[in-house]
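The file target_16.txt comes next; it holds compact mmCIF, C-alpha atoms.
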# COMPACT_ATOMS: atom_id res chain seq x y z
CA MET Q 1 0.03 23.99 -8.89
CA ASN Q 2 -3.71 24.04 -8.24
CA GLN Q 3 -6.03 21.66 -6.43
CA TYR Q 4 -6.54 19.38 -9.44
CA VAL Q 5 -2.86 19.12 -10.27
CA ALA Q 6 -2.23 18.46 -6.59
CA GLU Q 7 -4.78 15.62 -6.53
CA PHE Q 8 -3.25 14.17 -9.70
CA LEU Q 9 0.31 14.31 -8.36
CA GLY Q 10 -0.59 13.14 -4.87
CA THR Q 11 -2.47 10.14 -6.24
CA PHE Q 12 0.31 9.46 -8.75
CA PHE Q 13 2.89 9.15 -5.98
CA LEU Q 14 0.45 7.19 -3.80
CA ILE Q 15 0.04 4.52 -6.48
CA LEU Q 16 3.65 4.58 -7.65
CA LEU Q 17 4.86 3.76 -4.15
CA GLY Q 18 1.86 1.67 -3.08
CA ASN Q 19 1.67 -0.60 -6.09
CA GLY Q 20 5.45 -0.38 -6.26
CA VAL Q 21 5.83 -2.11 -2.91
CA VAL Q 22 3.45 -4.84 -4.06
CA ALA Q 23 5.59 -5.34 -7.16
CA ASN Q 24 8.73 -5.48 -5.05
CA VAL Q 25 7.22 -8.24 -2.88
CA VAL Q 26 5.43 -10.45 -5.41
CA LEU Q 27 7.41 -10.25 -8.66
CA ASN Q 28 10.26 -12.60 -9.43
CA LYS Q 29 13.92 -11.65 -8.95
CA THR Q 30 13.38 -8.42 -6.99
CA LYS Q 31 15.40 -7.62 -3.88
CA GLY Q 32 12.18 -7.68 -1.85
CA GLN Q 33 10.58 -10.84 -3.22
CA ASN Q 34 8.50 -12.75 -0.65
CA SER Q 35 9.17 -10.17 2.09
CA GLY Q 36 5.55 -10.39 3.17
CA TRP Q 37 2.41 -8.58 4.20
CA ILE Q 38 4.05 -6.34 6.79
CA VAL Q 39 6.25 -4.86 4.06
CA ILE Q 40 3.25 -4.29 1.79
CA THR Q 41 1.15 -2.61 4.47
CA THR Q 42 4.07 -0.48 5.63
CA GLY Q 43 4.86 0.54 2.06
CA TRP Q 44 1.26 1.56 1.47
CA ALA Q 45 1.15 3.58 4.69
CA LEU Q 46 4.28 5.46 3.69
CA ALA Q 47 2.89 5.93 0.17
CA VAL Q 48 -0.12 7.65 1.74
CA PHE Q 49 2.23 9.86 3.75
CA VAL Q 50 4.07 10.95 0.61
CA GLY Q 51 0.87 11.62 -1.33
CA VAL Q 52 -0.62 13.69 1.49
CA VAL Q 53 2.59 15.70 1.94
CA ILE Q 54 2.56 16.64 -1.75
CA ALA Q 55 -1.13 17.40 -2.19
CA GLY Q 56 -2.14 18.55 1.29
CA PRO Q 57 -1.23 22.24 1.10
CA HIS Q 58 -3.03 22.70 -2.23
CA SER Q 59 -6.10 20.44 -2.27
CA GLY Q 60 -6.52 18.97 1.19
CA ALA Q 61 -5.06 15.70 -0.14
CA HIS Q 62 -8.23 13.69 -0.67
CA LEU Q 63 -6.48 11.30 -3.11
CA ASN Q 64 -9.63 9.18 -2.98
CA PRO Q 65 -13.16 9.83 -4.31
CA ALA Q 66 -14.55 8.20 -1.16
CA VAL Q 67 -12.96 10.99 0.88
CA SER Q 68 -14.32 13.67 -1.46
CA VAL Q 69 -17.83 12.20 -1.37
CA ALA Q 70 -17.79 11.77 2.42
CA LEU Q 71 -16.73 15.39 2.94
CA ALA Q 72 -19.47 16.54 0.58
CA VAL Q 73 -22.09 14.46 2.42
CA ALA Q 74 -20.94 16.05 5.69
CA ASP Q 75 -21.19 19.50 4.09
CA LYS Q 76 -17.44 20.07 4.40
CA PHE Q 77 -16.72 20.09 0.65
CA ALA Q 78 -18.61 21.37 -2.38
CA TRP Q 79 -20.45 18.69 -4.38
CA ALA Q 80 -19.59 20.62 -7.55
CA GLU Q 81 -15.89 19.91 -6.95
CA VAL Q 82 -16.30 16.14 -6.51
CA PRO Q 83 -16.27 15.11 -10.23
CA ALA Q 84 -13.13 17.12 -11.03
CA TYR Q 85 -11.36 15.82 -7.93
CA ALA Q 86 -12.34 12.24 -8.81
CA LEU Q 87 -11.15 12.60 -12.40
CA SER Q 88 -7.80 14.04 -11.25
CA GLN Q 89 -7.42 11.16 -8.80
CA LEU Q 90 -8.31 8.55 -11.44
CA LEU Q 91 -5.79 9.93 -13.93
CA GLY Q 92 -3.11 10.10 -11.23
CA ALA Q 93 -3.77 6.50 -10.22
CA ALA Q 94 -3.57 5.31 -13.82
CA ALA Q 95 -0.34 7.22 -14.43
CA GLY Q 96 1.22 5.92 -11.21
CA SER Q 97 0.44 2.31 -12.08
CA LEU Q 98 1.87 2.78 -15.56
CA MET Q 99 5.10 4.04 -14.01
CA VAL Q 100 5.22 0.93 -11.80
CA TRP Q 101 5.00 -1.18 -14.95
CA PHE Q 102 7.87 0.73 -16.57
CA PHE Q 103 9.96 0.65 -13.39
CA TYR Q 104 9.58 -3.10 -12.83
CA HIS Q 105 9.40 -4.01 -16.51
CA ASP Q 106 12.09 -6.71 -16.42
CA HIS Q 107 10.55 -8.27 -13.33
CA PHE Q 108 7.11 -8.37 -14.91
CA LYS Q 109 8.69 -10.18 -17.85
CA SER Q 110 10.30 -12.64 -15.42
CA THR Q 111 6.98 -13.44 -13.69
CA ASP Q 112 4.75 -15.90 -15.55
CA ASP Q 113 1.91 -15.99 -13.02
CA ILE Q 114 -0.72 -13.56 -14.33
CA SER Q 115 -2.34 -13.24 -10.89
CA LEU Q 116 0.94 -11.99 -9.40
CA ARG Q 117 1.35 -9.45 -12.17
CA ALA Q 118 -2.25 -8.36 -11.71
CA ALA Q 119 -1.72 -7.94 -7.96
CA CYS Q 120 0.68 -5.10 -8.76
CA PHE Q 121 -2.23 -3.20 -10.30
CA TYR Q 122 -5.57 -4.01 -8.69
CA THR Q 123 -7.01 -5.78 -5.66
CA GLN Q 124 -8.18 -9.38 -5.61
CA PRO Q 125 -10.01 -11.21 -2.81
CA ALA Q 126 -8.22 -13.95 -0.89
CA ILE Q 127 -11.49 -15.93 -0.96
CA LEU Q 128 -14.04 -14.95 -3.60
CA ASN Q 129 -17.36 -14.33 -1.86
CA LYS Q 130 -18.77 -11.17 -3.34
CA GLY Q 131 -21.21 -10.44 -0.54
CA ILE Q 132 -18.53 -10.73 2.14
CA ASN Q 133 -15.95 -9.01 -0.08
CA PHE Q 134 -18.32 -6.07 -0.54
CA MET Q 135 -18.88 -5.84 3.23
CA ASN Q 136 -15.09 -5.94 3.79
CA GLU Q 137 -14.60 -2.91 1.55
CA VAL Q 138 -17.51 -1.07 3.16
CA VAL Q 139 -16.18 -1.65 6.67
CA GLY Q 140 -12.55 -0.87 5.82
CA THR Q 141 -13.52 2.43 4.21
CA PHE Q 142 -15.93 3.24 7.03
CA VAL Q 143 -13.03 2.95 9.49
CA LEU Q 144 -10.87 5.16 7.26
CA ILE Q 145 -13.41 7.94 6.78
CA PHE Q 146 -14.95 7.94 10.26
CA THR Q 147 -11.50 8.26 11.84
CA ILE Q 148 -10.46 11.02 9.44
CA PHE Q 149 -13.47 13.06 10.58
CA TYR Q 150 -12.07 13.00 14.10
CA PHE Q 151 -8.55 14.12 13.25
CA THR Q 152 -7.73 17.33 15.14
CA ASP Q 153 -5.04 19.97 14.85
CA ALA Q 154 -2.36 20.30 17.51
CA GLU Q 155 -2.98 23.28 19.77
CA LEU Q 156 -1.47 25.26 22.61
CA ALA Q 157 -3.52 26.23 25.63
CA ASN Q 158 -3.76 29.61 27.42
CA PRO Q 159 -4.69 31.09 25.05
CA LYS Q 160 -5.89 28.32 22.73
CA THR Q 161 -3.78 28.46 19.58
CA ILE Q 162 -3.85 26.04 16.65
CA VAL Q 163 -0.35 24.86 15.77
CA GLY Q 164 0.40 23.73 12.23
CA LEU Q 165 2.57 20.62 12.02
CA GLY Q 166 3.59 21.05 8.40
CA SER Q 167 4.40 17.75 6.68
CA LEU Q 168 4.19 15.92 10.01
CA GLY Q 169 0.44 16.44 9.81
CA ALA Q 170 0.36 13.60 7.25
CA ILE Q 171 1.50 11.02 9.81
CA PRO Q 172 -1.94 10.27 11.36
CA VAL Q 173 -3.54 9.21 8.07
CA ALA Q 174 -0.48 7.07 7.25
CA PHE Q 175 -0.84 5.29 10.59
CA LEU Q 176 -4.57 4.89 9.97
CA VAL Q 177 -4.06 3.22 6.58
CA TRP Q 178 -1.34 1.05 8.10
CA ALA Q 179 -3.71 -0.10 10.83
CA ILE Q 180 -6.46 -0.89 8.32
CA GLY Q 181 -4.05 -2.88 6.16
CA LEU Q 182 -2.69 -4.90 9.07
CA SER Q 183 -6.04 -5.61 10.70
CA LEU Q 184 -8.60 -5.63 7.88
CA GLY Q 185 -6.64 -5.88 4.65
CA GLY Q 186 -6.14 -9.62 4.40
CA THR Q 187 -9.52 -10.39 2.83
CA THR Q 188 -9.74 -8.14 -0.23
CA GLY Q 189 -6.44 -6.29 -0.27
CA TYR Q 190 -8.13 -3.18 1.22
CA ALA Q 191 -8.73 -1.02 -1.83
CA ILE Q 192 -10.70 1.50 0.34
CA ASN Q 193 -10.33 3.84 -2.64
CA PRO Q 194 -12.22 3.43 -5.96
CA VAL Q 195 -9.53 4.99 -8.17
CA ARG Q 196 -6.71 3.07 -6.46
CA ASP Q 197 -8.31 -0.02 -8.00
CA LEU Q 198 -10.03 1.22 -11.16
CA GLY Q 199 -7.21 3.33 -12.66
CA PRO Q 200 -4.56 0.59 -12.45
CA ARG Q 201 -7.10 -2.05 -13.56
CA ILE Q 202 -7.75 -0.09 -16.75
CA VAL Q 203 -3.99 0.28 -17.35
CA PHE Q 204 -3.51 -3.47 -16.83
CA PHE Q 205 -6.27 -4.12 -19.36
CA PHE Q 206 -4.46 -2.11 -22.04
CA ILE Q 207 -1.04 -3.51 -21.14
CA ASN Q 208 -2.46 -6.97 -21.78
CA LYS Q 209 -4.13 -5.77 -25.00
CA GLY Q 210 -7.62 -6.36 -23.70
CA LYS Q 211 -7.12 -10.08 -23.23
CA ALA Q 212 -10.35 -11.59 -21.89
CA GLY Q 213 -10.42 -12.38 -18.19
CA VAL Q 214 -7.18 -10.69 -17.12
CA CYS Q 215 -8.90 -7.84 -15.28
CA GLN Q 216 -11.71 -9.71 -13.47
CA TRP Q 217 -14.27 -7.08 -14.44
CA SER Q 218 -17.05 -9.09 -12.77
CA TYR Q 219 -15.40 -8.33 -9.41
CA SER Q 220 -14.25 -4.78 -10.18
CA TRP Q 221 -17.46 -3.09 -8.98
CA ILE Q 222 -16.77 -4.17 -5.38
CA PRO Q 223 -13.64 -2.02 -4.75
CA ILE Q 224 -15.48 0.88 -6.43
CA ILE Q 225 -18.95 0.79 -4.89
CA GLY Q 226 -17.94 -0.68 -1.52
CA PRO Q 227 -15.67 2.23 -0.55
CA LEU Q 228 -18.27 4.78 -1.63
CA VAL Q 229 -20.96 3.12 0.48
CA GLY Q 230 -18.61 2.93 3.48
CA ALA Q 231 -17.71 6.59 3.05
CA VAL Q 232 -21.33 7.74 2.94
CA LEU Q 233 -22.24 5.68 6.01
CA ALA Q 234 -19.28 7.12 7.92
CA ALA Q 235 -20.24 10.68 6.95
CA LEU Q 236 -23.87 10.14 7.95
CA LEU Q 237 -22.92 8.73 11.35
CA PHE Q 238 -20.46 11.55 11.96
CA THR Q 239 -23.15 14.09 11.07
CA LEU Q 240 -25.64 12.38 13.36
CA LEU Q 241 -23.19 12.41 16.27
CA SER Q 242 -21.98 15.98 15.74

So that I can check it, write out the structure of this file as structure tokens.
Amino acid sequence: MNQYVAEFLGTFFLILLGNGVVANVVLNKTKGQNSGWIVITTGWALAVFVGVVIAGPHSGAHLNPAVSVALAVADKFAWAEVPAYALSQLLGAAAGSLMVWFFYHDHFKSTDDISLRAACFYTQPAILNKGINFMNEVVGTFVLIFTIFYFTDAELANPKTIVGLGSLGAIPVAFLVWAIGLSLGGTTGYAINPVRDLGPRIVFFFINKGKAGVCQWSYSWIPIIGPLVGAVLAALLFTLLS
């Protein structure tokens, strides 16, 4: 295990469980079909928890290029490490989405609606308005990153001693992603993570043998660029206020 393997595995489990809960809710003939948005947002929050538990001790559990870039902007992470982290995250996201496809294979075959199948891989706006959709991704990611900067370790007083919480330390970020999904996720599906969208979108493209139109490439830049812009803005504001 090293930091790149950790980022790959953490992102793999993040997408396996995150896109897995979407598949459970939207595909035909599953036990969880039509169970709703609260199930999806809860599943994603717990997917984040699992990914952070796995990767945290080895890589800091970025699992998201927006996190890596924001930390680098705030001078808390080396810029030289960002490309390798992002590549590990992208490969993990692609592999996780492929596993979702294998796991739910019979249910994908039972679902004729291409938009429902696609929803198990990448985000789609509820109302297509690219300017507003871009802003939604910027704001959602800004909330994610700005809050992460203010996470603190538990400590004991007299004398002041930092207390490690082990795997329980992953709970705050899970709650944060849950809150974003419940409050801000209904417009674009809250990608807030470039590789969470891009890796599975590429996999969906190949699964469908490159069929024109299935991956909505004209929209795909929004869940990639939007989160990066939101992350940089959050890092700049945090630096200004520090």

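Distances to Asp197 in chain Q were evaluated for Q:Asn28, Q:Asn64, Q:Thr152, Q:Ser88 using only C-alpha atoms, and the minimum falls at Q:Asn64.
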
Top pick for closest residue to Ala47 in chain Q, considering Q:Asn208, Q:Thr11, Q:Thr147, Q:Thr111 and counting only C-alpha atoms: Q:Thr11

For range 131-197 of chain Q versus range 65-85 of chain Q, which residues have an atom no more than 9 Å away, and what is each residue's nearest atom pair and distance in Å rounded to one decimal, using all atoms listed in the file, chain-then-number order, as CSV?
residue,atom,partner,partner_atom,distance
Q:Thr141,CA,Q:Ala66,CA,7.9
Q:Leu144,CA,Q:Val67,CA,8.9
Q:Ile145,CA,Q:Val67,CA,6.7
Q:Ile148,CA,Q:Val67,CA,8.9
Q:Phe149,CA,Q:Leu71,CA,8.6
Q:Ile192,CA,Q:Ala66,CA,7.9
Q:Asn193,CA,Q:Ala66,CA,6.2
Q:Pro194,CA,Q:Pro65,CA,6.7
Q:Val195,CA,Q:Pro65,CA,7.2

Spatial neighbours of Cys215 in chain Q, max dist 7 Å, all atoms listed in the file, sep filter under 2 positions, as number ranges by chain: Q: 201, 205, 213, 217

How close does range 158-205 of chain Q get to range 89-104 of chain Q? List, as a tab-separated table, each residue of range 158-205 of chain Q within 8 Å, its nearest atom pair and the distance in Å to one decimal, counting only C-alpha atoms.
residue	atom	partner	partner_atom	distance
Q:Val195	CA	Q:Leu90	CA	5.0
Q:Arg196	CA	Q:Ala93	CA	5.9
Q:Leu198	CA	Q:Leu90	CA	7.5
Q:Gly199	CA	Q:Ala94	CA	4.3
Q:Pro200	CA	Q:Ala94	CA	5.0
Q:Ile202	CA	Q:Ala94	CA	7.4
Q:Val203	CA	Q:Ala94	CA	6.2

Export, as an mmCIF file, in the coordinates of the input, the selected residues with C-alpha atoms.
data_model
loop_
_atom_site.group_PDB
_atom_site.id
_atom_site.type_symbol
_atom_site.label_atom_id
_atom_site.label_comp_id
_atom_site.auth_asym_id
_atom_site.auth_seq_id
_atom_site.Cartn_x
_atom_site.Cartn_y
_atom_site.Cartn_z
ATOM 1 C CA VAL Q 195 -9.530 4.990 -8.170
ATOM 2 C CA ARG Q 196 -6.710 3.070 -6.460
ATOM 3 C CA LEU Q 198 -10.030 1.220 -11.160
ATOM 4 C CA GLY Q 199 -7.210 3.330 -12.660
ATOM 5 C CA PRO Q 200 -4.560 0.590 -12.450
ATOM 6 C CA ILE Q 202 -7.750 -0.090 -16.750
ATOM 7 C CA VAL Q 203 -3.990 0.280 -17.350
#

d(CA of Gly230 in chain Q, CA of Ala6 in chain Q) in Å: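 Interatomic distance, CA of Gly230 in chain Q to CA of Ala6 in chain Q: 24.7 Å.
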
Nearest candidate to Lys29 in chain Q (options Q:Thr239, Q:Ser110, Q:Gln3, Q:Ser59; using only C-alpha atoms): Q:Ser110

Nearest residue to Ala231 in chain Q from the set Q:Val173, Q:Val143, Q:Ala191, Q:Ser183 (distances using all atoms listed in the file):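 Once distances to Ala231 in chain Q are computed over all atoms listed in the file, the minimum belongs to Q:Val143.
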
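Note that the spacing between CA of Ala55 in chain Q and CA of Val5 in chain Q amounts to 8.4 Å.
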
Gly131 in chain Q environment, 12 Å, all atoms listed in the file, sequence neighbours closer than 3 positions dropped, as a tab-separated table (two decimals) with C-alpha atoms, in the frame of the given file:
chain	number	residue	atom	x	y	z
Q	125	PRO	CA	-10.01	-11.21	-2.81
Q	127	ILE	CA	-11.49	-15.93	-0.96
Q	128	LEU	CA	-14.04	-14.95	-3.60
Q	134	PHE	CA	-18.32	-6.07	-0.54
Q	135	MET	CA	-18.88	-5.84	3.23
Q	136	ASN	CA	-15.09	-5.94	3.79
Q	137	GLU	CA	-14.60	-2.91	1.55
Q	138	VAL	CA	-17.51	-1.07	3.16
Q	188	THR	CA	-9.74	-8.14	-0.23
Q	219	TYR	CA	-15.40	-8.33	-9.41
Q	221	TRP	CA	-17.46	-3.09	-8.98
Q	222	ILE	CA	-16.77	-4.17	-5.38
Q	226	GLY	CA	-17.94	-0.68	-1.52

d(CA of Phe151 in chain Q, CA of Ala174 in chain Q) in Å: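 Those two atoms sit 12.3 Å apart.
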
Draw an axis-aligned box over all listed atoms of range 69-72 of chain Q, pad each side with 3 Å, and write its centre and edge lengths in Å, one decimal, as AutoDock Vina command-line options.
--center_x -18.1 --center_y 14.2 --center_z 0.8 --size_x 8.7 --size_y 10.8 --size_z 10.3

Counting all atoms listed in the file, the option among Q:Trp37, Q:Phe108, Q:Phe121, Q:Phe49 closest to Phe13 in chain Q: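 Of Q:Trp37, Q:Phe108, Q:Phe121, Q:Phe49, the one nearest Phe13 in chain Q is Q:Phe49, counting all atoms listed in the file.
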
Trp178 in chain Q surroundings by all atoms listed in the file, 8 Å radius, close-in-sequence under 5 positions cut, as number ranges by chain: Q: 41-42, 44-45

Selection export as a PDB file, in the frame of the given file, atoms kept: C-alpha atoms:
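Output saved as result-v9.pdb:
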ATOM      1  CA  THR Q  41       1.150  -2.610   4.470  1.00  0.00           C
ATOM      2  CA  THR Q  42       4.070  -0.480   5.630  1.00  0.00           C
ATOM      3  CA  TRP Q  44       1.260   1.560   1.470  1.00  0.00           C
ATOM      4  CA  ALA Q  45       1.150   3.580   4.690  1.00  0.00           C
TER       5      ALA Q  45
END
